[in-house]
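A.B. asks: I have a structure I would like to understand better, so I am pasting it below and will then ask my questions one at a time.
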Amino acid sequence: MFNMTDMNMFSRRCVWVNGPVIVGAGPSGLAVAAGLREQGVPYVILERAACIASLWQNRTYDRLKLHLPKQFCQLPNYPFPDHYPEYPSKKQFVDYLESYTAHHDIRPHFNESVDSAKYDEACRLWRVRTTGADGEVEYICQWLVVATGENADPIVPDVEGLASFGGEVVHACDYKSGDKFKGKKVLVVGCGNSGMEVSLDLCNHGARPAMVVRNAVHVLPREMFGKSTFELAMMMMKWLPLWLVDKVLLFFTWMILGNTESLGLKRPDIGPLALKNYGRTPVLDIGALEKIRSKEIQLVPGIKRFSSAGVELTNGERLDIDAVVLATGYRSNVPYWLHETEFFGKNGFPKTPFPHGWKGQSGLYAAGFTRRGLSGLSADAIKISQDIAGVWKDDLKQKKQKVPTHRRCISTF
Ligand SMILES: Cc1cc2nc3c(=O)[nH]c(=O)nc-3n(C[C@H](O)[C@H](O)[C@H](O)COP(=O)(O)OP(=O)(O)OC[C@H]3O[C@@H](n4cnc5c(N)ncnc54)[C@H](O)[C@@H]3O)c2cc1C
Ligand SMILES: NC(=O)c1ccc[n+]([C@@H]2O[C@H](COP(=O)([O-])OP(=O)(O)OC[C@H]3O[C@@H](n4cnc5c(N)ncnc54)[C@H](OP(=O)(O)O)[C@@H]3O)[C@@H](O)[C@H]2O)c1
């Protein structure tokens with residue numbers, strides 16, 4: 001990598017990268033970087049936050065643990081320490097990622113946010129613009145790896161009156177613990193994994209949560225007959241079609257959890273695994289259901305509007321509440337910065353689903369958009385790093401790894 005001279009009228013520094021630019025230093029970006037390093041391919045990794053895995057370090061609650069057993073969450077060729085429990089805590093996972101980063105000598109450019117990236121057809125190169133502490137930079141490279149995550153930005157719903165609500169309103173990404181909500185009535189909007197765990201946490205801290213359930217939701221036990229539900233599903237998938245695995249899972253769930261519909265949690269018509277193809281993750285229960293049964297977590301229908309001191313629900317009921325936690329999910333931020341519409345859809349995910357959504361045209365790659373969490377992103381990272389390394393090594397053989405002469409045609413965009 002070397003600096004080119006300033007090239008545009010705004011004095012944006014230009015940097016030629018002799019290898020790929022990876023956007024995002026979460027587990028996906030780190031796993032791609034490690035794979036590239038193992039094969040001797042240089043790269044640059046850009047991260048908008050001041051640390052690796054910022055989702056895990058800055059935007060998750062204290063009680064969070066991995067939902068799946070550790071063997072399904074480790075990054076390629078780097079097992080969790082033996083003394084780690086079956087479901088590592090957030091701190092243990094972050095420690096593991098720090099050690100992974102050090103082991104592979106990964107040095108992200110922190111506090112450097114990618115504002116735009118575009119393929120320059122004339123030069124056949126990617127141009128990636130960033131803003132950071134050192135000002136504005138333009139990276140020019142042959143390969144671009146998008147690893148900004150499925151959960152890059154929180155979704156804040158546009159609900160009537162929310163701005164006029166007098167109590168505290170936080171998104172789940174800013175919720176740390178129920179400590180400060182002790183004795184308070186808290187409306188938790190959303191019943192995905194975040195909504196369920198935040199509600200449980202609030203209960204455990206002496207708050208009184210009401211959780212908004214506006215649609216059907218699949219709740220499964222985290223384990224079935226001593227095996228993780230995920231592992232059991234993966235085993236069955238080797239032999240049975242998906243629809244049948246879903247039926248078996250739901251039958252076992254009924255045996256273990258009973259009829260959850262009677263509690264107010266209607267199940268979707270589509271099975272829990274099939275629903276993942278529509279971007280919906282089933283809830284893996286780690287205790288919220290018990291609190292719903294005992295009415296410590298109250299279930300309420302959709303929201304009509306907020307007022308200064310409370311909320312009106314779609315069934316006409318009014319609740320006095322002290323605070324609101326929006327467990328309303330996240331979105332990909334890719335459409336905001338990547339000028340490309342062939343490979344990525346409007347929702348910021350590759351249009352082609354897993355396992356084929358990792359490679360686009362013109363040296364574009366996507367890591368971690370599989371809707372399969374850590375196990376899915378590891379699979380992406382292996383394929384991406386091998387693919388790039390293959391081309392890079394061929395280029396090297398042909399002595400084409402030198403700075404291409406066609407860089408001179410670069411113009412601004
Ligand atoms: C509360 C919560 C709990 C979860 N628990 C689990 C779990 O137990 N198991 C599991 O498998 N999955 C879990 N997930 C899913 C989670 O998304 C993955 O585990 C994992 O973090 C995905 O890694 P990633 O690198 O693809 O994305 P991220 O971890 O989101 O990392 C993306 C990185 O890109 C950076 N970035 C974004 N935009 C830019 C930009 N424009 N410029 C520069 N940098 C940028 C971000 O700052 C971030 O550091 C959980 C998600 C949430 C929200
Ligand atoms: N320990 C863990 O492993 C763990 C913990 C937390 C999260 N996660 C993962 O993180 C990802 C995000 O999970 P998440 O729970 O934050 O988001 P999510 O799965 O997208 O769930 C969002 C929830 O908010 C509801 N919602 C959105 N807008 C609403 C509105 N205006 N009114 C009422 N309800 C509304 C949705 O309801 P509808 O369905 O009706 O749209 C849904 O129930 C998932 O992949 C999840 O598995 C994992």
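Residues are referred to by chain and number: the chain letter is A, B, ... according to the order shown in the structure tokens, the number counts from 1 in that chain, and ligands are numbered separately from 1 in the order shown.
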Among range 12-139 of chain A, which residues carry a DSSP assignment of helix (DSSP H, G or I), reported as a PyMOL selection string?

C.D. replies: chain A and resi 27-38+54-58+70-72+90-103

A.B. asks: Sorted by chain and rising residue number, list the residues of range 97-172 of chain A at most 12 Å from range 178-189 of chain A (counting only C-alpha atoms), each with its closest atom pair and distance in Å to one decimal, as a Markdown table.

C.D. replies:
| residue | atom | partner | partner_atom | distance |
| --- | --- | --- | --- | --- |
| A:Ile155 | CA | A:Val189 | CA | 11.5 |
| A:Val156 | CA | A:Val189 | CA | 10.3 |
| A:Pro157 | CA | A:Val189 | CA | 9.6 |
| A:Val159 | CA | A:Val189 | CA | 10.9 |
| A:Leu162 | CA | A:Val189 | CA | 11.9 |
| A:Phe165 | CA | A:Leu187 | CA | 11.9 |
| A:Gly167 | CA | A:Val186 | CA | 9.6 |
| A:Glu168 | CA | A:Val186 | CA | 9.4 |
| A:Val169 | CA | A:Leu187 | CA | 9.4 |
| A:Val170 | CA | A:Val188 | CA | 9.8 |
| A:His171 | CA | A:Val189 | CA | 9.3 |
| A:Ala172 | CA | A:Val188 | CA | 9.0 |

A.B. asks: Apply DSSP to the backbone of this structure and, from range 151-362 of chain A, keep only the residues in strand (DSSP E or B); write these as a ChimeraX atom specification.

C.D. replies: /A:153-154,168-171,185-189,208-212,219-221,223-224,227-228,283-285,298-300,303-306,310-313,318-320,323-326,330-331,338-339,344,350,359

A.B. asks: Give me, as JSON lines, the closest atom pair and its distance (Å, one decimal) for every residue of chain A within a cut-off of 8 Å of ligand 1, counting only C-alpha atoms and all ligand atoms, rows sorted by chain and rising number.

C.D. replies:
{"residue": "A:Val23", "atom": "CA", "partner": "ligand 1", "partner_atom_place_in_ligand_line": "43 (C)", "distance": 5.3}
{"residue": "A:Gly24", "atom": "CA", "partner": "ligand 1", "partner_atom_place_in_ligand_line": "34 (O)", "distance": 3.2}
{"residue": "A:Ala25", "atom": "CA", "partner": "ligand 1", "partner_atom_place_in_ligand_line": "49 (O)", "distance": 4.9}
{"residue": "A:Gly26", "atom": "CA", "partner": "ligand 1", "partner_atom_place_in_ligand_line": "25 (O)", "distance": 3.3}
{"residue": "A:Pro27", "atom": "CA", "partner": "ligand 1", "partner_atom_place_in_ligand_line": "25 (O)", "distance": 3.9}
{"residue": "A:Ser28", "atom": "CA", "partner": "ligand 1", "partner_atom_place_in_ligand_line": "25 (O)", "distance": 3.7}
{"residue": "A:Gly29", "atom": "CA", "partner": "ligand 1", "partner_atom_place_in_ligand_line": "25 (O)", "distance": 5.5}
{"residue": "A:Leu30", "atom": "CA", "partner": "ligand 1", "partner_atom_place_in_ligand_line": "25 (O)", "distance": 7.3}
{"residue": "A:Leu46", "atom": "CA", "partner": "ligand 1", "partner_atom_place_in_ligand_line": "43 (C)", "distance": 5.3}
{"residue": "A:Glu47", "atom": "CA", "partner": "ligand 1", "partner_atom_place_in_ligand_line": "44 (N)", "distance": 3.8}
{"residue": "A:Arg48", "atom": "CA", "partner": "ligand 1", "partner_atom_place_in_ligand_line": "43 (C)", "distance": 3.9}
{"residue": "A:Ala49", "atom": "CA", "partner": "ligand 1", "partner_atom_place_in_ligand_line": "47 (O)", "distance": 5.1}
{"residue": "A:Cys51", "atom": "CA", "partner": "ligand 1", "partner_atom_place_in_ligand_line": "49 (O)", "distance": 7.4}
{"residue": "A:Ile52", "atom": "CA", "partner": "ligand 1", "partner_atom_place_in_ligand_line": "49 (O)", "distance": 5.9}
{"residue": "A:Ala53", "atom": "CA", "partner": "ligand 1", "partner_atom_place_in_ligand_line": "49 (O)", "distance": 4.6}
{"residue": "A:Ser54", "atom": "CA", "partner": "ligand 1", "partner_atom_place_in_ligand_line": "49 (O)", "distance": 4.3}
{"residue": "A:Leu55", "atom": "CA", "partner": "ligand 1", "partner_atom_place_in_ligand_line": "29 (O)", "distance": 5.0}
{"residue": "A:Trp56", "atom": "CA", "partner": "ligand 1", "partner_atom_place_in_ligand_line": "21 (O)", "distance": 6.5}
{"residue": "A:Arg59", "atom": "CA", "partner": "ligand 1", "partner_atom_place_in_ligand_line": "1 (C)", "distance": 7.4}
{"residue": "A:Thr60", "atom": "CA", "partner": "ligand 1", "partner_atom_place_in_ligand_line": "1 (C)", "distance": 5.1}
{"residue": "A:Tyr61", "atom": "CA", "partner": "ligand 1", "partner_atom_place_in_ligand_line": "1 (C)", "distance": 7.1}
{"residue": "A:Leu64", "atom": "CA", "partner": "ligand 1", "partner_atom_place_in_ligand_line": "3 (C)", "distance": 7.0}
{"residue": "A:Lys65", "atom": "CA", "partner": "ligand 1", "partner_atom_place_in_ligand_line": "8 (O)", "distance": 6.1}
{"residue": "A:Leu66", "atom": "CA", "partner": "ligand 1", "partner_atom_place_in_ligand_line": "8 (O)", "distance": 3.3}
{"residue": "A:His67", "atom": "CA", "partner": "ligand 1", "partner_atom_place_in_ligand_line": "8 (O)", "distance": 4.0}
{"residue": "A:Leu68", "atom": "CA", "partner": "ligand 1", "partner_atom_place_in_ligand_line": "8 (O)", "distance": 6.0}
{"residue": "A:Phe72", "atom": "CA", "partner": "ligand 1", "partner_atom_place_in_ligand_line": "11 (O)", "distance": 7.8}
{"residue": "A:Cys73", "atom": "CA", "partner": "ligand 1", "partner_atom_place_in_ligand_line": "11 (O)", "distance": 6.0}
{"residue": "A:Asn111", "atom": "CA", "partner": "ligand 1", "partner_atom_place_in_ligand_line": "43 (C)", "distance": 7.9}
{"residue": "A:Glu112", "atom": "CA", "partner": "ligand 1", "partner_atom_place_in_ligand_line": "43 (C)", "distance": 6.0}
{"residue": "A:Ser113", "atom": "CA", "partner": "ligand 1", "partner_atom_place_in_ligand_line": "42 (N)", "distance": 3.7}
{"residue": "A:Val114", "atom": "CA", "partner": "ligand 1", "partner_atom_place_in_ligand_line": "42 (N)", "distance": 3.9}
{"residue": "A:Asp115", "atom": "CA", "partner": "ligand 1", "partner_atom_place_in_ligand_line": "41 (N)", "distance": 5.9}
{"residue": "A:Ser116", "atom": "CA", "partner": "ligand 1", "partner_atom_place_in_ligand_line": "41 (N)", "distance": 7.8}
{"residue": "A:Thr130", "atom": "CA", "partner": "ligand 1", "partner_atom_place_in_ligand_line": "42 (N)", "distance": 7.5}
{"residue": "A:Ala147", "atom": "CA", "partner": "ligand 1", "partner_atom_place_in_ligand_line": "26 (O)", "distance": 5.5}
{"residue": "A:Thr148", "atom": "CA", "partner": "ligand 1", "partner_atom_place_in_ligand_line": "34 (O)", "distance": 3.6}
{"residue": "A:Gly149", "atom": "CA", "partner": "ligand 1", "partner_atom_place_in_ligand_line": "27 (O)", "distance": 3.4}
{"residue": "A:Glu150", "atom": "CA", "partner": "ligand 1", "partner_atom_place_in_ligand_line": "17 (O)", "distance": 5.8}
{"residue": "A:Asn151", "atom": "CA", "partner": "ligand 1", "partner_atom_place_in_ligand_line": "30 (O)", "distance": 5.2}
{"residue": "A:Ala152", "atom": "CA", "partner": "ligand 1", "partner_atom_place_in_ligand_line": "30 (O)", "distance": 5.3}
{"residue": "A:Ala172", "atom": "CA", "partner": "ligand 1", "partner_atom_place_in_ligand_line": "1 (C)", "distance": 7.8}
{"residue": "A:Cys173", "atom": "CA", "partner": "ligand 1", "partner_atom_place_in_ligand_line": "1 (C)", "distance": 7.2}
{"residue": "A:Asn193", "atom": "CA", "partner": "ligand 1", "partner_atom_place_in_ligand_line": "1 (C)", "distance": 7.7}
{"residue": "A:Ser194", "atom": "CA", "partner": "ligand 1", "partner_atom_place_in_ligand_line": "1 (C)", "distance": 6.0}
{"residue": "A:Gly329", "atom": "CA", "partner": "ligand 1", "partner_atom_place_in_ligand_line": "53 (C)", "distance": 7.6}
{"residue": "A:Tyr330", "atom": "CA", "partner": "ligand 1", "partner_atom_place_in_ligand_line": "53 (C)", "distance": 7.3}
{"residue": "A:Asn333", "atom": "CA", "partner": "ligand 1", "partner_atom_place_in_ligand_line": "38 (N)", "distance": 6.4}
{"residue": "A:Val334", "atom": "CA", "partner": "ligand 1", "partner_atom_place_in_ligand_line": "41 (N)", "distance": 7.5}
{"residue": "A:Trp337", "atom": "CA", "partner": "ligand 1", "partner_atom_place_in_ligand_line": "41 (N)", "distance": 6.7}
{"residue": "A:Ala367", "atom": "CA", "partner": "ligand 1", "partner_atom_place_in_ligand_line": "26 (O)", "distance": 6.4}
{"residue": "A:Gly368", "atom": "CA", "partner": "ligand 1", "partner_atom_place_in_ligand_line": "26 (O)", "distance": 4.0}
{"residue": "A:Phe369", "atom": "CA", "partner": "ligand 1", "partner_atom_place_in_ligand_line": "26 (O)", "distance": 6.6}
{"residue": "A:Arg372", "atom": "CA", "partner": "ligand 1", "partner_atom_place_in_ligand_line": "11 (O)", "distance": 6.5}
{"residue": "A:Gly373", "atom": "CA", "partner": "ligand 1", "partner_atom_place_in_ligand_line": "11 (O)", "distance": 3.3}
{"residue": "A:Leu374", "atom": "CA", "partner": "ligand 1", "partner_atom_place_in_ligand_line": "11 (O)", "distance": 3.7}
{"residue": "A:Ser375", "atom": "CA", "partner": "ligand 1", "partner_atom_place_in_ligand_line": "11 (O)", "distance": 6.2}
{"residue": "A:Gly376", "atom": "CA", "partner": "ligand 1", "partner_atom_place_in_ligand_line": "11 (O)", "distance": 7.8}
{"residue": "A:Leu377", "atom": "CA", "partner": "ligand 1", "partner_atom_place_in_ligand_line": "26 (O)", "distance": 6.4}

A.B. asks: Would you give me, as a Markdown table, each residue of range 248-316 of chain A having an atom within 9 Å of an atom of range 231-243 of chain A, along with its shortest atom pair and that distance in Å to one decimal, using only C-alpha atoms and sorting by chain and residue number?

C.D. replies:
| residue | atom | partner | partner_atom | distance |
| --- | --- | --- | --- | --- |
| A:Val248 | CA | A:Trp243 | CA | 8.8 |
| A:Leu249 | CA | A:Ala233 | CA | 7.4 |
| A:Ile270 | CA | A:Trp243 | CA | 9.0 |
| A:Gly271 | CA | A:Trp243 | CA | 7.1 |
| A:Leu273 | CA | A:Leu242 | CA | 7.2 |
| A:Ala274 | CA | A:Leu242 | CA | 7.0 |

A.B. asks: Looking at A:Lys227, A:His205, A:Lys351, A:Arg222, which one is nearest to ligand 2, with distances taken over only C-alpha atoms and all ligand atoms?

C.D. replies: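 Of the candidates, the smallest distance to ligand 2 is held by A:Arg222.
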
A.B. asks: Fewer than 3 positions away in the same chain doesn't count, so skip those; otherwise give me all residues within 9 Å of Pro282 in chain A, counting only C-alpha atoms, as a ChimeraX atom specification.

C.D. replies: /A:192-193,217-220,272-273,275-276

A.B. asks: Skipping near chain neighbours, those fewer than 4 positions away, what residues fall within 12 Å of Lys118 in chain A using only C-alpha atoms, listed as a VMD selection string?

C.D. replies: chain A and resid 114 122 to 129 138 to 144 334 to 341 362 to 364 410 to 413
